[in-house]
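**Student:** Please read through the structure below; I'll follow up with questions.
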Amino acid sequence: MAKGNETLFFVQGNPKFEYADTALLGVAWDENASYGKGAALAPEAIIKASHQMDIENPMAGKTLETSIHNFGIITPKDTKEMIRKTEKFAEKTLKAGKFFVLLGGDHSVVNGLLKAVPKDACFVNFDAHLDLREEWQNKKESHAAVSHRIFDKEFEQVWVGVRDLINEEEMKFVSEQNLADKIFYCPSMPKAFYEKQEFPKWMKKKNMLFDKPSFGKIISTIKSKKVWLNIDIDCIDLREGIETGVPTPFGLSLEALRDLIYEICQKKEIIGFSLAEVIPDKFGKSQAIAAMLCYQIILWNKLKQ
């Protein structure tokens, strides 16, 4: 494990956990990635990118006044170790009433949160995929099955940005568990195309995010007061210049993702967030986008307190 000598946004120093209000863990892990590799490099790259950002926003007249403890970056040898170590730091942070930030790694790192996150919280999944397979490539802890594992723990879930192929197994699961109202899709076809289609019962036409998304409709679907923001970076449209393990066109714009997360932060109690599937690029765009998302979520959470 690489211990953190510095933390997000601050060039030097790493506040002690006891005095921090936020804690950060990086998980250098992409053994469960089924396509593009490289997300294991993301935690270090995102932290470095954040050092190029100021912690003060002069246009808003606000300063990010927070103390972020960096646990460091773990490099597990297998899935069991990844889950066990992630779980340990997540439980320590959330039991202490502190805000937790988990930087992956592939999306399967979320499996390490499932014993730590309070049962009355809702996982709001920003993702191009439902990830509701029972298993993928003979792995129950696969990134493609992570939402199924969350469901196994009986958490409420909402999905935003789904647009990739939904297989028959997932269609059947959504139908049997009455999840249709919880899934909001980014259309990959022209609006006129959908107007001619008869939608199946497991998919709600009203939940297609044409034009600017209806944030109120999405937020009203979240019944829990507490929210865990579960962000797979492939929810973002490829035109935004993001590199990720399973790149998928026609996703959320950066503006739409930013604005929706802001509204959720205003109306719900955010207890933490996970950010996964970022692949650092040589120009620094992917890690800069990820670092800005971290900055914004932590700032909005602090300003509400």
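Residue numbers start at 1 in each chain; chains themselves are named A, B, ... in the order of the structure tokens; ligands are numbered from 1 in the order shown.
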Taking a cut-off of 10 Å and counting only C-alpha atoms, can you build a table that, for each residue of segment 110-183 of chain A near segment 274-291 of chain A, reports the nearest atom pair and how far apart they are in Å (one decimal), sorted by chain then residue number, as a tab-separated table?

**Tutor:**
residue	atom	partner	partner_atom	distance
A:Val110	CA	A:Ser274	CA	7.2
A:Leu113	CA	A:Ser274	CA	9.2
A:Asn125	CA	A:Ser274	CA	9.8
A:Phe126	CA	A:Leu275	CA	9.7
A:Asp127	CA	A:Ala276	CA	10.0
A:His143	CA	A:Glu277	CA	9.4

**Student:** I need the chosen residues saved as an mmCIF file, in the first residue's frame, with N, CA and C atoms.

**Tutor:**
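File produced: again.cif:
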data_model
loop_
_atom_site.group_PDB
_atom_site.id
_atom_site.type_symbol
_atom_site.label_atom_id
_atom_site.label_comp_id
_atom_site.auth_asym_id
_atom_site.auth_seq_id
_atom_site.Cartn_x
_atom_site.Cartn_y
_atom_site.Cartn_z
ATOM 1 N N VAL A 110 -16.510 -0.989 -6.020
ATOM 2 C CA VAL A 110 -17.703 -0.670 -5.230
ATOM 3 C C VAL A 110 -18.117 -1.853 -4.363
ATOM 4 N N LEU A 113 -17.664 -1.538 -0.666
ATOM 5 C CA LEU A 113 -18.462 -0.584 0.101
ATOM 6 C C LEU A 113 -19.703 -1.195 0.735
ATOM 7 N N ASN A 125 -26.552 5.543 -9.369
ATOM 8 C CA ASN A 125 -25.538 5.033 -10.287
ATOM 9 C C ASN A 125 -25.499 5.856 -11.567
ATOM 10 N N PHE A 126 -24.430 6.579 -11.782
ATOM 11 C CA PHE A 126 -24.205 7.269 -13.047
ATOM 12 C C PHE A 126 -23.367 6.332 -13.902
ATOM 13 N N ASP A 127 -23.977 5.767 -14.947
ATOM 14 C CA ASP A 127 -23.322 4.666 -15.640
ATOM 15 C C ASP A 127 -23.942 4.477 -17.018
ATOM 16 N N HIS A 143 -17.192 -5.931 -12.668
ATOM 17 C CA HIS A 143 -17.766 -4.595 -12.857
ATOM 18 C C HIS A 143 -19.136 -4.670 -13.527
#

**Student:** Report as a CSV table (one decimal) with N, CA and C atoms, in the first residue's frame all protein, DNA and RNA residues lying within 10 Å of Asn167 of chain A, evaluated on only C-alpha atoms, omitting residues in the same chain fewer than 5 positions from it.

**Tutor:**
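Written file, selection-v7.csv:
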chain,number,residue,atom,x,y,z
A,130,LEU,N,-26.2,-1.0,-17.0
A,130,LEU,CA,-27.0,-1.4,-15.8
A,130,LEU,C,-26.1,-2.2,-14.8
A,132,LEU,N,-26.2,-5.3,-14.1
A,132,LEU,CA,-27.2,-6.1,-13.4
A,132,LEU,C,-27.0,-7.6,-13.7
A,133,ARG,N,-25.9,-8.0,-14.3
A,133,ARG,CA,-25.7,-9.4,-14.6
A,133,ARG,C,-25.5,-10.2,-13.3
A,172,LYS,N,-35.0,-9.2,-18.0
A,172,LYS,CA,-35.8,-10.0,-17.1
A,172,LYS,C,-35.7,-9.6,-15.7

**Student:** For segment 229-236 of chain A, please output as a ChimeraX atom specification all residues within 9 Å (counting only C-alpha atoms; exclusion window: fewer than 3 positions along the same chain).

**Tutor:** /A:106-107,110,122-129,160-163,239-240,242-254,257,261,270-278,290

**Student:** Could you dump the residues just selected with C-alpha atoms as a PDB file, in the first residue's frame?

**Tutor:**
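This is the output file out_15.pdb:
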ATOM      1  CA  ASP A 106     -12.498  -0.502 -12.288  1.00  0.00           C
ATOM      2  CA  HIS A 107     -16.117  -0.347 -11.148  1.00  0.00           C
ATOM      3  CA  VAL A 110     -17.703  -0.670  -5.230  1.00  0.00           C
ATOM      4  CA  CYS A 122     -29.616   4.921  -2.030  1.00  0.00           C
ATOM      5  CA  PHE A 123     -26.934   4.175  -4.602  1.00  0.00           C
ATOM      6  CA  VAL A 124     -27.396   6.687  -7.419  1.00  0.00           C
ATOM      7  CA  ASN A 125     -25.538   5.033 -10.287  1.00  0.00           C
ATOM      8  CA  PHE A 126     -24.205   7.269 -13.047  1.00  0.00           C
ATOM      9  CA  ASP A 127     -23.322   4.666 -15.640  1.00  0.00           C
ATOM     10  CA  ALA A 128     -23.645   3.750 -19.301  1.00  0.00           C
ATOM     11  CA  HIS A 129     -24.508   0.219 -18.180  1.00  0.00           C
ATOM     12  CA  VAL A 160     -28.761   7.652 -14.837  1.00  0.00           C
ATOM     13  CA  GLY A 161     -27.066   7.616 -18.241  1.00  0.00           C
ATOM     14  CA  VAL A 162     -27.752   4.020 -19.309  1.00  0.00           C
ATOM     15  CA  ARG A 163     -27.428   3.486 -23.051  1.00  0.00           C
ATOM     16  CA  ARG A 239     -17.147  13.875 -26.984  1.00  0.00           C
ATOM     17  CA  GLU A 240     -16.114  15.296 -23.618  1.00  0.00           C
ATOM     18  CA  ILE A 242     -12.785  11.111 -21.438  1.00  0.00           C
ATOM     19  CA  GLU A 243     -10.805   7.856 -21.585  1.00  0.00           C
ATOM     20  CA  THR A 244     -12.480   4.858 -19.979  1.00  0.00           C
ATOM     21  CA  GLY A 245     -12.532   1.078 -19.973  1.00  0.00           C
ATOM     22  CA  VAL A 246     -15.785   0.603 -21.904  1.00  0.00           C
ATOM     23  CA  PRO A 247     -16.161   3.756 -24.034  1.00  0.00           C
ATOM     24  CA  THR A 248     -19.777   4.367 -25.057  1.00  0.00           C
ATOM     25  CA  PRO A 249     -21.032   7.259 -27.220  1.00  0.00           C
ATOM     26  CA  PHE A 250     -24.075   9.507 -26.622  1.00  0.00           C
ATOM     27  CA  GLY A 251     -23.791   9.881 -22.875  1.00  0.00           C
ATOM     28  CA  LEU A 252     -24.354  12.714 -20.429  1.00  0.00           C
ATOM     29  CA  SER A 253     -22.646  16.011 -21.102  1.00  0.00           C
ATOM     30  CA  LEU A 254     -20.315  17.305 -18.420  1.00  0.00           C
ATOM     31  CA  LEU A 257     -23.726  15.511 -14.941  1.00  0.00           C
ATOM     32  CA  ILE A 261     -25.101  16.082  -8.995  1.00  0.00           C
ATOM     33  CA  ILE A 270     -24.521  12.746   0.443  1.00  0.00           C
ATOM     34  CA  ILE A 271     -22.420  10.411   2.584  1.00  0.00           C
ATOM     35  CA  GLY A 272     -19.712   9.815  -0.003  1.00  0.00           C
ATOM     36  CA  PHE A 273     -18.957   8.954  -3.597  1.00  0.00           C
ATOM     37  CA  SER A 274     -17.032   6.469  -5.698  1.00  0.00           C
ATOM     38  CA  LEU A 275     -15.425   7.367  -9.015  1.00  0.00           C
ATOM     39  CA  ALA A 276     -14.377   4.488 -11.254  1.00  0.00           C
ATOM     40  CA  GLU A 277     -13.238   3.469 -14.740  1.00  0.00           C
ATOM     41  CA  VAL A 278     -11.126   6.569 -15.433  1.00  0.00           C
ATOM     42  CA  ALA A 290     -12.191  13.432 -12.595  1.00  0.00           C
TER      43      ALA A 290
END

**Student:** Which residues are near segment 14-25 of chain A? Cut-off 7 Å, only C-alpha atoms, ignore same chain within fewer than 4 positions. Put them as a ChimeraX atom specification.

**Tutor:** /A:4-7,66-73,93,98-103

**Student:** Would you export the selected residues with N, CA and C atoms as a CSV table (one decimal), in the first residue's frame, please?

**Tutor:**
chain,number,residue,atom,x,y,z
A,4,GLY,N,-0.3,7.9,1.6
A,4,GLY,CA,-0.4,9.3,1.1
A,4,GLY,C,0.3,10.3,1.9
A,5,ASN,N,1.3,10.9,1.3
A,5,ASN,CA,2.0,12.0,2.0
A,5,ASN,C,1.4,13.4,1.7
A,6,GLU,N,0.5,13.3,0.7
A,6,GLU,CA,-0.3,14.5,0.4
A,6,GLU,C,-1.7,14.1,0.0
A,7,THR,N,-2.6,15.0,-0.1
A,7,THR,CA,-4.0,14.7,-0.3
A,7,THR,C,-4.6,15.5,-1.5
A,66,THR,N,-12.0,22.4,4.0
A,66,THR,CA,-12.2,21.0,4.4
A,66,THR,C,-10.8,20.4,4.7
A,67,SER,N,-10.8,19.3,5.5
A,67,SER,CA,-9.6,18.6,5.8
A,67,SER,C,-9.7,17.2,5.3
A,68,ILE,N,-9.0,16.8,4.3
A,68,ILE,CA,-9.1,15.5,3.7
A,68,ILE,C,-7.9,14.6,4.0
A,69,HIS,N,-8.2,13.6,4.7
A,69,HIS,CA,-7.2,12.6,5.0
A,69,HIS,C,-7.1,11.6,3.9
A,70,ASN,N,-5.8,11.3,3.4
A,70,ASN,CA,-5.6,10.4,2.4
A,70,ASN,C,-5.0,9.1,3.0
A,71,PHE,N,-5.8,8.0,3.0
A,71,PHE,CA,-5.4,6.7,3.5
A,71,PHE,C,-4.2,6.2,2.6
A,72,GLY,N,-4.2,6.6,1.3
A,72,GLY,CA,-3.2,6.1,0.4
A,72,GLY,C,-3.9,5.3,-0.7
A,73,ILE,N,-3.0,4.5,-1.4
A,73,ILE,CA,-3.5,3.7,-2.6
A,73,ILE,C,-3.2,2.3,-2.3
A,93,THR,N,-14.3,5.1,8.1
A,93,THR,CA,-14.7,6.5,7.8
A,93,THR,C,-16.2,6.8,8.1
A,98,LYS,N,-17.7,10.6,8.9
A,98,LYS,CA,-17.0,11.4,7.9
A,98,LYS,C,-17.4,11.1,6.5
A,99,PHE,N,-17.1,12.0,5.6
A,99,PHE,CA,-17.4,11.9,4.2
A,99,PHE,C,-16.3,11.0,3.6
A,100,PHE,N,-16.7,10.0,2.8
A,100,PHE,CA,-15.7,9.0,2.2
A,100,PHE,C,-15.7,9.2,0.7
A,101,VAL,N,-14.4,9.2,0.2
A,101,VAL,CA,-14.2,9.3,-1.3
A,101,VAL,C,-13.4,8.0,-1.7
A,102,LEU,N,-14.0,7.3,-2.6
A,102,LEU,CA,-13.3,6.1,-3.1
A,102,LEU,C,-12.9,6.3,-4.6
A,103,LEU,N,-11.6,6.2,-4.9
A,103,LEU,CA,-11.2,6.4,-6.3
A,103,LEU,C,-10.7,5.0,-6.8

**Student:** Please, which residues of segment 85-127 of chain A, numbered as in this document, come out strand (DSSP E or B) from DSSP, as an MDAnalysis selection string?

**Tutor:** chainID A and resid 99:104 121:126

**Student:** With C-alpha atoms retained, export the selected residues as a PDB file, in the first residue's frame.

**Tutor:**
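The file below, selection-v2.pdb, is the result:
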ATOM      1  CA  PHE A  99     -17.374  11.859   4.196  1.00  0.00           C
ATOM      2  CA  PHE A 100     -15.742   9.039   2.197  1.00  0.00           C
ATOM      3  CA  VAL A 101     -14.193   9.263  -1.284  1.00  0.00           C
ATOM      4  CA  LEU A 102     -13.298   6.058  -3.129  1.00  0.00           C
ATOM      5  CA  LEU A 103     -11.178   6.355  -6.278  1.00  0.00           C
ATOM      6  CA  GLY A 104     -10.952   3.302  -8.541  1.00  0.00           C
ATOM      7  CA  ALA A 121     -28.877   4.886   1.688  1.00  0.00           C
ATOM      8  CA  CYS A 122     -29.616   4.921  -2.030  1.00  0.00           C
ATOM      9  CA  PHE A 123     -26.934   4.175  -4.602  1.00  0.00           C
ATOM     10  CA  VAL A 124     -27.396   6.687  -7.419  1.00  0.00           C
ATOM     11  CA  ASN A 125     -25.538   5.033 -10.287  1.00  0.00           C
ATOM     12  CA  PHE A 126     -24.205   7.269 -13.047  1.00  0.00           C
TER      13      PHE A 126
END

**Student:** Write out as an MDAnalysis selection string which residues come within 6 Å of segment 205-222 of chain A when counting only C-alpha atoms, dropping same-chain ones fewer than 4 positions away.

**Tutor:** chainID A and resid 184:186

**Student:** Quote the spacing between atom CA of Asp164 of chain A and atom CA of Ser188 of chain A in Å to one decimal place.

**Tutor:**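 Value for the atom CA of Asp164 of chain A-atom CA of Ser188 of chain A distance: 8.7 Å.
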
**Student:** Excluding same-chain residues fewer than 5 positions from Glu154 of chain A, what lies within 12 Å of it counting only C-alpha atoms, as a list in words?

**Tutor:**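 Selected residues are Leu114, Lys115, Val117, Pro118, Lys119, Asp120, Ala121, Cys122, Phe123, Ser147, His148, Arg149 and Gln177 of chain A.
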
**Student:** Using only C-alpha atoms, pick whichever of A:Ile166, A:Leu94, A:Val27, A:Leu293 has the shortest atom-to-atom distance to Arg258 of chain A.

**Tutor:**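 Closest candidate: A:Leu293.
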
**Student:** Determine which residues of segment 88-285 of chain A receive a DSSP assignment of alpha helix (DSSP H), computed from the backbone, and state them as a PyMOL selection string.

**Tutor:** chain A and resi 88-95+146-152+168-176+191-195+215-221+254-267+285

**Student:** Can you write out the residues you just picked, keeping C-alpha atoms, as a compact mmCIF listing (two decimals), in the first residue's frame?

**Tutor:**
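Just written: selection.txt:
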# COMPACT_ATOMS: atom_id res chain seq x y z
CA LYS A 88 -11.95 -1.71 6.28
CA PHE A 89 -11.29 1.92 5.32
CA ALA A 90 -14.89 2.55 4.28
CA GLU A 91 -16.25 1.26 7.58
CA LYS A 92 -13.73 3.27 9.60
CA THR A 93 -14.68 6.48 7.79
CA LEU A 94 -18.45 6.13 7.67
CA LYS A 95 -18.76 4.88 11.26
CA VAL A 146 -21.78 -4.68 -9.39
CA SER A 147 -25.38 -3.36 -9.39
CA HIS A 148 -26.64 -6.91 -8.87
CA ARG A 149 -24.38 -7.21 -5.82
CA ILE A 150 -25.76 -3.88 -4.53
CA PHE A 151 -29.27 -5.23 -5.09
CA ASP A 152 -28.37 -8.41 -3.18
CA GLU A 168 -32.06 -10.58 -21.86
CA GLU A 169 -30.88 -11.46 -18.35
CA GLU A 170 -30.95 -7.79 -17.34
CA MET A 171 -34.28 -7.14 -19.07
CA LYS A 172 -35.84 -10.02 -17.14
CA PHE A 173 -34.33 -8.82 -13.86
CA VAL A 174 -35.58 -5.24 -14.34
CA SER A 175 -39.06 -6.56 -15.14
CA GLU A 176 -39.23 -9.04 -12.24
CA LYS A 191 -35.72 11.46 -30.97
CA ALA A 192 -37.87 10.78 -34.04
CA PHE A 193 -36.75 7.17 -34.02
CA TYR A 194 -38.17 6.55 -30.54
CA GLU A 195 -41.47 8.23 -31.36
CA PHE A 215 -33.61 16.72 -12.79
CA GLY A 216 -36.73 17.00 -10.64
CA LYS A 217 -38.12 13.77 -12.07
CA ILE A 218 -34.87 11.93 -11.39
CA ILE A 219 -34.45 13.27 -7.85
CA SER A 220 -38.06 12.52 -6.93
CA THR A 221 -37.34 8.88 -7.78
CA LEU A 254 -20.32 17.31 -18.42
CA GLU A 255 -22.78 20.13 -17.81
CA ALA A 256 -25.71 17.73 -17.31
CA LEU A 257 -23.73 15.51 -14.94
CA ARG A 258 -22.49 18.52 -12.98
CA ASP A 259 -25.91 20.13 -12.70
CA LEU A 260 -27.67 16.93 -11.66
CA ILE A 261 -25.10 16.08 -8.99
CA TYR A 262 -25.37 19.65 -7.69
CA GLU A 263 -29.15 19.31 -7.36
CA ILE A 264 -28.82 15.96 -5.58
CA CYS A 265 -26.28 17.50 -3.19
CA GLN A 266 -28.76 20.29 -2.40
CA LYS A 267 -31.71 17.99 -1.72
CA LYS A 285 -7.87 15.40 -19.80
